[in-house]
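Visitor: Take this structure first; my questions come after.
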Amino acid sequence: MKTAYDVIIRPIITEQSMEDLDIKKYAFEVAKDANKIEIKKAIEEIFGVKVIKVTTTHVLGKAKRTGAYPMGKTASWKKAVVKLSADSKNIELFEGMV
């Protein structure tokens with residue numbers, strides 16, 4: 001059985017994700033085998049907020065080359081963007097970033 005901390009790997013801190021904070025959208029890297037229901041329950045359990053929508057996407061690894069070595073690839077991962085309800089509190093993890 002997976003815990004909430006097995007589902008949510010890390011928050012994603014980028015320019016685009018910081019612009020979406022005012023409309024209560026937060027981005028996270030999640031486990032590749034996690035579904036939307038598991039992600040919603042994990043976010044609600046960890047941060048104590050009310051999630052109304054979860055969107056997910058698979059981010060493919062980029063082709064990388066280092067010198068004379070053959071072409072390699074970075075790891076693929078899964079990204080989730082969660083939207084909180086209007087009456088829900090903000091996630092404090094992102095507060096100092098803006």
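Chain lettering (A, B, ...) mirrors the order of the structure tokens, residue numbering begins at 1 for each chain separately, and ligand numbering begins at 1 in order of display.
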Please list as an MDAnalysis selection string every residue within 9 Å of Ala4 of chain A, counting only C-alpha atoms and excluding residues in the same chain fewer than 4 positions away.
Guide: chainID A and resid 8 38:39 41:43 45:46
Visitor: For the selection you just gave me, I'd like the residues written to a file as a compact mmCIF listing (two decimals), in the first residue's frame, keeping C-alpha atoms.
Guide:
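Contents of the output file selection28.txt:
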```txt
# COMPACT_ATOMS: atom_id res chain seq x y z
CA ILE A 8 3.82 12.99 -4.28
CA GLU A 38 -4.66 8.84 -5.54
CA ILE A 39 -3.06 12.23 -6.26
CA LYS A 41 -6.25 12.08 -1.75
CA ALA A 42 -2.49 12.50 -1.19
CA ILE A 43 -2.59 16.30 -1.61
CA GLU A 45 -3.95 14.40 3.32
CA ILE A 46 -0.52 16.08 3.26
```
Visitor: Considering only C-alpha atoms, give me a table of residues in segment 22-59 of chain A that are at most 9 Å from segment 75-82 of chain A, with the closest atom pair and distance in Å for each, as a tab-separated table.
Guide:
```
residue	atom	partner	partner_atom	distance
A:Lys24	CA	A:Val82	CA	8.2
A:Lys25	CA	A:Val82	CA	5.6
A:Tyr26	CA	A:Val82	CA	5.4
A:Ala27	CA	A:Val81	CA	4.4
A:Phe28	CA	A:Ala80	CA	5.3
A:Glu29	CA	A:Lys79	CA	4.7
A:Val30	CA	A:Lys78	CA	5.7
A:Ala31	CA	A:Lys78	CA	6.5
A:Lys32	CA	A:Lys78	CA	5.4
A:Asp33	CA	A:Lys78	CA	8.7
A:Ala34	CA	A:Lys78	CA	8.8
A:Lys36	CA	A:Ala80	CA	8.4
A:Ile39	CA	A:Ala80	CA	7.9
A:Lys40	CA	A:Val82	CA	7.8
A:Ile43	CA	A:Val82	CA	8.5
A:Val51	CA	A:Val82	CA	6.7
A:Ile52	CA	A:Val82	CA	7.7
A:Lys53	CA	A:Val82	CA	5.8
A:Val54	CA	A:Val82	CA	4.6
A:Thr55	CA	A:Val81	CA	5.3
A:Thr56	CA	A:Ala80	CA	4.4
A:Thr57	CA	A:Lys79	CA	5.4
A:His58	CA	A:Lys78	CA	4.5
A:Val59	CA	A:Trp77	CA	5.3
```
Visitor: Could you pull out the residues in chain A that DSSP calls alpha helix (DSSP H) from the backbone, as a ChimeraX atom specification?
Guide: /A:4-7,15-19,36-47
Visitor: Write the residues of the selection above to a file with C-alpha atoms, as a PDB file, in the first residue's frame.
Guide:
```
ATOM      1  CA  ALA A   4       0.692   9.878   0.394  1.00  0.00           C
ATOM      2  CA  TYR A   5       4.420  10.596   0.450  1.00  0.00           C
ATOM      3  CA  ASP A   6       5.041   7.781  -2.060  1.00  0.00           C
ATOM      4  CA  VAL A   7       2.578   9.377  -4.499  1.00  0.00           C
ATOM      5  CA  GLU A  15       7.972  30.594 -13.664  1.00  0.00           C
ATOM      6  CA  GLN A  16       4.756  29.199 -15.092  1.00  0.00           C
ATOM      7  CA  SER A  17       3.812  27.382 -11.888  1.00  0.00           C
ATOM      8  CA  MET A  18       4.460  30.531  -9.826  1.00  0.00           C
ATOM      9  CA  GLU A  19       2.135  32.571 -12.072  1.00  0.00           C
ATOM     10  CA  LYS A  36      -5.849  11.210 -10.360  1.00  0.00           C
ATOM     11  CA  ILE A  37      -7.824   9.864  -7.409  1.00  0.00           C
ATOM     12  CA  GLU A  38      -4.657   8.844  -5.540  1.00  0.00           C
ATOM     13  CA  ILE A  39      -3.059  12.230  -6.263  1.00  0.00           C
ATOM     14  CA  LYS A  40      -6.129  14.096  -4.987  1.00  0.00           C
ATOM     15  CA  LYS A  41      -6.248  12.076  -1.754  1.00  0.00           C
ATOM     16  CA  ALA A  42      -2.494  12.500  -1.186  1.00  0.00           C
ATOM     17  CA  ILE A  43      -2.593  16.300  -1.607  1.00  0.00           C
ATOM     18  CA  GLU A  44      -5.609  16.605   0.680  1.00  0.00           C
ATOM     19  CA  GLU A  45      -3.951  14.404   3.317  1.00  0.00           C
ATOM     20  CA  ILE A  46      -0.523  16.075   3.264  1.00  0.00           C
ATOM     21  CA  PHE A  47      -1.555  19.745   3.065  1.00  0.00           C
TER      22      PHE A  47
END
```
Visitor: Among chain A, which ones does DSSP assign to strand (DSSP E or B) (computed from the backbone)? Answer as a ChimeraX atom specification.
Guide: /A:8-11,25-30,51-59,63-64,72-73,77-84
Visitor: Please save C-alpha atoms of the selected residues as a short mmCIF file (atom, residue, chain, number, x, y, z; two decimals), in the first residue's frame.
Guide:
```cif
data_model
loop_
_atom_site.label_atom_id
_atom_site.label_comp_id
_atom_site.auth_asym_id
_atom_site.auth_seq_id
_atom_site.Cartn_x
_atom_site.Cartn_y
_atom_site.Cartn_z
CA ILE A 8 3.82 12.99 -4.28
CA ILE A 9 7.55 13.18 -5.07
CA ARG A 10 8.32 16.93 -5.12
CA PRO A 11 6.81 20.32 -5.93
CA LYS A 25 -3.07 25.92 -9.14
CA TYR A 26 -0.06 23.98 -7.87
CA ALA A 27 2.28 21.66 -9.80
CA PHE A 28 3.90 18.49 -8.44
CA GLU A 29 6.01 15.62 -9.71
CA VAL A 30 4.15 12.42 -8.88
CA VAL A 51 -8.81 19.73 -4.31
CA ILE A 52 -11.44 20.23 -7.02
CA LYS A 53 -9.48 19.25 -10.16
CA VAL A 54 -6.37 17.24 -11.05
CA THR A 55 -4.72 17.21 -14.48
CA THR A 56 -1.79 14.94 -15.29
CA THR A 57 0.75 14.69 -18.08
CA HIS A 58 3.72 12.49 -18.91
CA VAL A 59 6.92 14.47 -19.46
CA ALA A 63 17.97 13.32 -25.63
CA LYS A 64 21.32 14.41 -24.17
CA GLY A 72 21.75 9.25 -23.73
CA LYS A 73 18.36 10.27 -22.40
CA TRP A 77 8.39 11.53 -15.24
CA LYS A 78 4.78 12.39 -14.50
CA LYS A 79 3.50 15.86 -13.64
CA ALA A 80 0.25 16.75 -11.88
CA VAL A 81 -1.39 20.17 -11.65
CA VAL A 82 -3.98 20.45 -8.87
CA LYS A 83 -6.60 23.19 -8.55
CA LEU A 84 -7.84 24.01 -5.07
#
```
